[in-house]
$ cat coords_32.pdb   # PDB, C-alpha atoms
ATOM      1  CA  MET J   1       5.732  22.799  35.896  1.00  0.00           C
ATOM      2  CA  GLY J   2       4.947  22.979  39.548  1.00  0.00           C
ATOM      3  CA  SER J   3       6.682  22.421  42.796  1.00  0.00           C
ATOM      4  CA  GLU J   4       8.488  19.279  43.827  1.00  0.00           C
ATOM      5  CA  THR J   5       5.602  18.180  46.010  1.00  0.00           C
ATOM      6  CA  SER J   6       3.186  18.153  43.078  1.00  0.00           C
ATOM      7  CA  GLN J   7       5.470  16.005  40.903  1.00  0.00           C
ATOM      8  CA  PRO J   8       5.274  12.199  41.121  1.00  0.00           C
ATOM      9  CA  LEU J   9       7.981  10.488  43.146  1.00  0.00           C
ATOM     10  CA  GLN J  10      10.890   8.940  41.270  1.00  0.00           C
ATOM     11  CA  SER J  11      11.283   5.234  41.777  1.00  0.00           C
ATOM     12  CA  PHE J  12      14.713   3.779  42.446  1.00  0.00           C
ATOM     13  CA  LYS J  13      15.682   0.188  41.960  1.00  0.00           C
ATOM     14  CA  ILE J  14      17.405  -1.347  44.961  1.00  0.00           C
ATOM     15  CA  ASP J  15      19.832  -4.160  44.287  1.00  0.00           C
ATOM     16  CA  GLU J  16      19.396  -7.380  46.213  1.00  0.00           C
ATOM     17  CA  PRO J  17      21.990  -8.147  48.876  1.00  0.00           C
ATOM     18  CA  PRO J  18      24.690 -10.649  47.963  1.00  0.00           C
ATOM     19  CA  ASP J  19      24.148 -14.321  48.740  1.00  0.00           C
ATOM     20  CA  THR J  20      25.068 -14.960  52.387  1.00  0.00           C
ATOM     21  CA  THR J  21      24.799 -18.748  52.262  1.00  0.00           C
ATOM     22  CA  ALA J  22      28.471 -19.042  51.295  1.00  0.00           C
ATOM     23  CA  ALA J  23      31.078 -19.770  53.972  1.00  0.00           C
ATOM     24  CA  PRO J  24      31.698 -16.748  56.202  1.00  0.00           C
ATOM     25  CA  ALA J  25      34.969 -14.948  55.687  1.00  0.00           C
ATOM     26  CA  LYS J  26      37.600 -15.049  58.409  1.00  0.00           C
ATOM     27  CA  PRO J  27      37.726 -11.929  60.574  1.00  0.00           C
ATOM     28  CA  ALA J  28      40.664  -9.651  59.966  1.00  0.00           C
ATOM     29  CA  PRO J  29      43.530  -9.926  62.458  1.00  0.00           C
ATOM     30  CA  PRO J  30      44.111  -6.970  64.812  1.00  0.00           C
ATOM     31  CA  ALA J  31      45.951  -4.038  63.266  1.00  0.00           C
ATOM     32  CA  THR J  32      48.777  -4.248  65.805  1.00  0.00           C
ATOM     33  CA  PRO J  33      49.462  -7.812  66.907  1.00  0.00           C
ATOM     34  CA  GLY J  34      51.269  -6.782  70.105  1.00  0.00           C
ATOM     35  CA  ALA J  35      48.606  -4.348  71.321  1.00  0.00           C
ATOM     36  CA  PRO J  36      46.950  -5.297  74.614  1.00  0.00           C
ATOM     37  CA  ASN J  37      43.231  -5.967  74.400  1.00  0.00           C
ATOM     38  CA  SER J  38      42.722  -6.178  78.162  1.00  0.00           C
ATOM     39  CA  PRO J  39      39.438  -4.756  79.476  1.00  0.00           C
ATOM     40  CA  ALA J  40      41.196  -4.112  82.791  1.00  0.00           C
ATOM     41  CA  GLU J  41      43.043  -1.079  81.446  1.00  0.00           C
ATOM     42  CA  PRO J  42      42.443   1.936  83.694  1.00  0.00           C
ATOM     43  CA  ARG J  43      40.142   4.590  82.346  1.00  0.00           C
ATOM     44  CA  LEU J  44      40.767   8.310  82.660  1.00  0.00           C
ATOM     45  CA  PHE J  45      37.742   8.812  84.907  1.00  0.00           C
ATOM     46  CA  ASN J  46      39.108   6.426  87.528  1.00  0.00           C
ATOM     47  CA  ASN J  47      42.442   8.225  87.802  1.00  0.00           C
ATOM     48  CA  CYS J  48      41.097  11.757  88.151  1.00  0.00           C
ATOM     49  CA  TRP J  49      40.119  12.518  91.752  1.00  0.00           C
ATOM     50  CA  SER J  50      38.907  16.036  90.984  1.00  0.00           C
ATOM     51  CA  CYS J  51      36.701  14.677  88.169  1.00  0.00           C
ATOM     52  CA  ARG J  52      35.091  12.213  90.571  1.00  0.00           C
ATOM     53  CA  VAL J  53      34.524  14.855  93.249  1.00  0.00           C
ATOM     54  CA  LEU J  54      33.083  17.344  90.779  1.00  0.00           C
ATOM     55  CA  SER J  55      30.749  14.891  89.073  1.00  0.00           C
ATOM     56  CA  GLY J  56      29.768  13.148  92.305  1.00  0.00           C
ATOM     57  CA  LEU J  57      28.919  16.378  94.095  1.00  0.00           C
ATOM     58  CA  GLY J  58      27.149  17.698  90.998  1.00  0.00           C
ATOM     59  CA  LEU J  59      24.935  14.619  90.819  1.00  0.00           C
ATOM     60  CA  LEU J  60      24.338  14.747  94.563  1.00  0.00           C
ATOM     61  CA  GLY J  61      23.263  18.393  94.323  1.00  0.00           C
ATOM     62  CA  ALA J  62      21.081  17.774  91.271  1.00  0.00           C
ATOM     63  CA  GLY J  63      19.361  14.850  92.973  1.00  0.00           C
ATOM     64  CA  GLY J  64      18.775  16.918  96.094  1.00  0.00           C
ATOM     65  CA  TYR J  65      17.303  19.732  94.011  1.00  0.00           C
ATOM     66  CA  VAL J  66      14.948  17.397  92.134  1.00  0.00           C
ATOM     67  CA  TYR J  67      13.844  15.829  95.416  1.00  0.00           C
ATOM     68  CA  LEU J  68      13.260  19.159  97.174  1.00  0.00           C
ATOM     69  CA  VAL J  69      11.305  20.615  94.246  1.00  0.00           C
ATOM     70  CA  ALA J  70       9.018  17.570  94.370  1.00  0.00           C
ATOM     71  CA  ARG J  71       8.719  17.877  98.153  1.00  0.00           C
ATOM     72  CA  LYS J  72       7.660  21.547  98.143  1.00  0.00           C
ATOM     73  CA  PRO J  73       3.952  20.943  97.291  1.00  0.00           C
ATOM     74  CA  LEU J  74       3.764  18.278  99.985  1.00  0.00           C
ATOM     75  CA  LYS J  75       4.935  20.795 102.606  1.00  0.00           C
ATOM     76  CA  MET J  76       2.176  23.145 101.468  1.00  0.00           C
ATOM     77  CA  GLY J  77      -0.455  20.495 102.230  1.00  0.00           C
ATOM     78  CA  TYR J  78      -1.194  19.087  98.778  1.00  0.00           C
ATOM     79  CA  PRO J  79      -1.721  15.315  98.632  1.00  0.00           C
ATOM     80  CA  PRO J  80       1.027  13.344  96.896  1.00  0.00           C
ATOM     81  CA  SER J  81       0.344  12.296  93.319  1.00  0.00           C
ATOM     82  CA  PRO J  82       2.055   9.496  91.384  1.00  0.00           C
ATOM     83  CA  GLY J  83       4.040  12.113  89.441  1.00  0.00           C
ATOM     84  CA  THR J  84       5.312  13.727  92.647  1.00  0.00           C
ATOM     85  CA  ILE J  85       6.334  10.389  94.086  1.00  0.00           C
ATOM     86  CA  THR J  86       8.075   9.450  90.820  1.00  0.00           C
ATOM     87  CA  GLN J  87       9.941  12.757  90.841  1.00  0.00           C
ATOM     88  CA  MET J  88      11.073  12.127  94.423  1.00  0.00           C
ATOM     89  CA  VAL J  89      12.300   8.631  93.534  1.00  0.00           C
ATOM     90  CA  ILE J  90      14.209   9.981  90.528  1.00  0.00           C
ATOM     91  CA  GLY J  91      15.784  12.681  92.716  1.00  0.00           C
ATOM     92  CA  ILE J  92      16.890  10.070  95.253  1.00  0.00           C
ATOM     93  CA  SER J  93      18.258   7.905  92.430  1.00  0.00           C
ATOM     94  CA  ILE J  94      20.324  10.750  90.979  1.00  0.00           C
ATOM     95  CA  ALA J  95      21.714  11.590  94.422  1.00  0.00           C
ATOM     96  CA  THR J  96      22.555   7.926  95.032  1.00  0.00           C
ATOM     97  CA  TRP J  97      24.393   7.816  91.709  1.00  0.00           C
ATOM     98  CA  GLY J  98      26.513  10.738  92.906  1.00  0.00           C
ATOM     99  CA  ILE J  99      27.302   8.917  96.166  1.00  0.00           C
ATOM    100  CA  VAL J 100      28.337   5.817  94.249  1.00  0.00           C
ATOM    101  CA  ILE J 101      30.710   7.835  92.084  1.00  0.00           C
ATOM    102  CA  LEU J 102      32.244   9.416  95.192  1.00  0.00           C
ATOM    103  CA  ALA J 103      32.507   6.177  97.179  1.00  0.00           C
ATOM    104  CA  ASP J 104      33.251   3.416  94.650  1.00  0.00           C
ATOM    105  CA  PRO J 105      34.220   4.891  91.292  1.00  0.00           C
ATOM    106  CA  LYS J 106      36.607   2.147  90.230  1.00  0.00           C
ATOM    107  CA  GLY J 107      34.212  -0.717  90.841  1.00  0.00           C
ATOM    108  CA  LYS J 108      36.293  -2.189  93.628  1.00  0.00           C
ATOM    109  CA  ALA J 109      33.240  -3.988  94.964  1.00  0.00           C
ATOM    110  CA  TYR J 110      33.110  -6.173  91.835  1.00  0.00           C
ATOM    111  CA  ARG J 111      35.558  -8.905  90.988  1.00  0.00           C
ATOM    112  CA  VAL J 112      37.193  -8.499  87.588  1.00  0.00           C
ATOM    113  CA  VAL J 113      37.667 -11.837  85.848  1.00  0.00           C
TER     114      VAL J 113
END
$ encode --input "coords_32.pdb" --output "C-alpha cells"
Amino acid sequence: MGSETSQPLQSFKIDEPPDTTAAPAKPAPPATPGAPNSPAEPRLFNNCWSCRVLSGLGLLGAGGYVYLVARKPLKMGYPPSPGTITQMVIGISIATWGIVILADPKGKAYRVV
C-alpha cells in the first residue's frame, strides 16, 4: 500500500552492447544511385526575393529596437553598465545579420569548392 513514491524503485538489467572489435560493416549504398549529392544545389531561401527582404528587414528592425531600448537609459543620464553595453552589441549584431541577408544571401563572397 502507498503511493508510487513510497515504494522502492524497480531495478532493470541493461544488456551489454555488442562487441565492436569486429571488422566494421560496409556503409549502405545510396537509395537512388543516380541522385545528385551536390552541396551546391540551390536552397529555397536563396531563390525567394520576398523572403530575403522580409527576413532581412525584420532582423534589421529587431536589431534597431534592441539597440534603442538599451540606449534609452544612457540618454537619460545613467552611466553605462556592462549589461547595457552587451545589449547594444547584440542589437548591432542582429541588425548586421539583417544587412547580410539583404546584401549577400547566396554567399557570393565565398568560393564554393
$ residues_around --input "coords_32.pdb" --residues "segment 61-75 of chain J" --least-positions-apart "4" --cutoff "7 Å" --atoms "all atoms listed in the file" --output "count of residues only"
10
$ atom_distance --input "coords_32.pdb" --atom1 "atom CA of Asp104 of chain J" --atom2 "atom CA of Gly58 of chain J"
16.0 Å
$ atom_distance --input "coords_32.pdb" --atom1 "atom CA of Ile85 of chain J" --atom2 "atom CA of Val100 of chain J"
22.5 Å
$ residues_around --input "coords_32.pdb" --residues "Ile99 of chain J" --least-positions-apart "2" --cutoff "8 Å" --atoms "all atoms listed in the file" --output "PDB file with C-alpha atoms, keeping the file's coordinate frame"
ATOM      1  CA  GLY J  56      29.768  13.148  92.305  1.00  0.00           C
ATOM      2  CA  LEU J  57      28.919  16.378  94.095  1.00  0.00           C
ATOM      3  CA  LEU J  60      24.338  14.747  94.563  1.00  0.00           C
ATOM      4  CA  ALA J  95      21.714  11.590  94.422  1.00  0.00           C
ATOM      5  CA  THR J  96      22.555   7.926  95.032  1.00  0.00           C
ATOM      6  CA  TRP J  97      24.393   7.816  91.709  1.00  0.00           C
ATOM      7  CA  ILE J 101      30.710   7.835  92.084  1.00  0.00           C
ATOM      8  CA  LEU J 102      32.244   9.416  95.192  1.00  0.00           C
ATOM      9  CA  ALA J 103      32.507   6.177  97.179  1.00  0.00           C
TER      10      ALA J 103
END
$ atom_distance --input "coords_32.pdb" --atom1 "atom CA of Trp49 of chain J" --atom2 "atom CA of Val89 of chain J"
28.1 Å
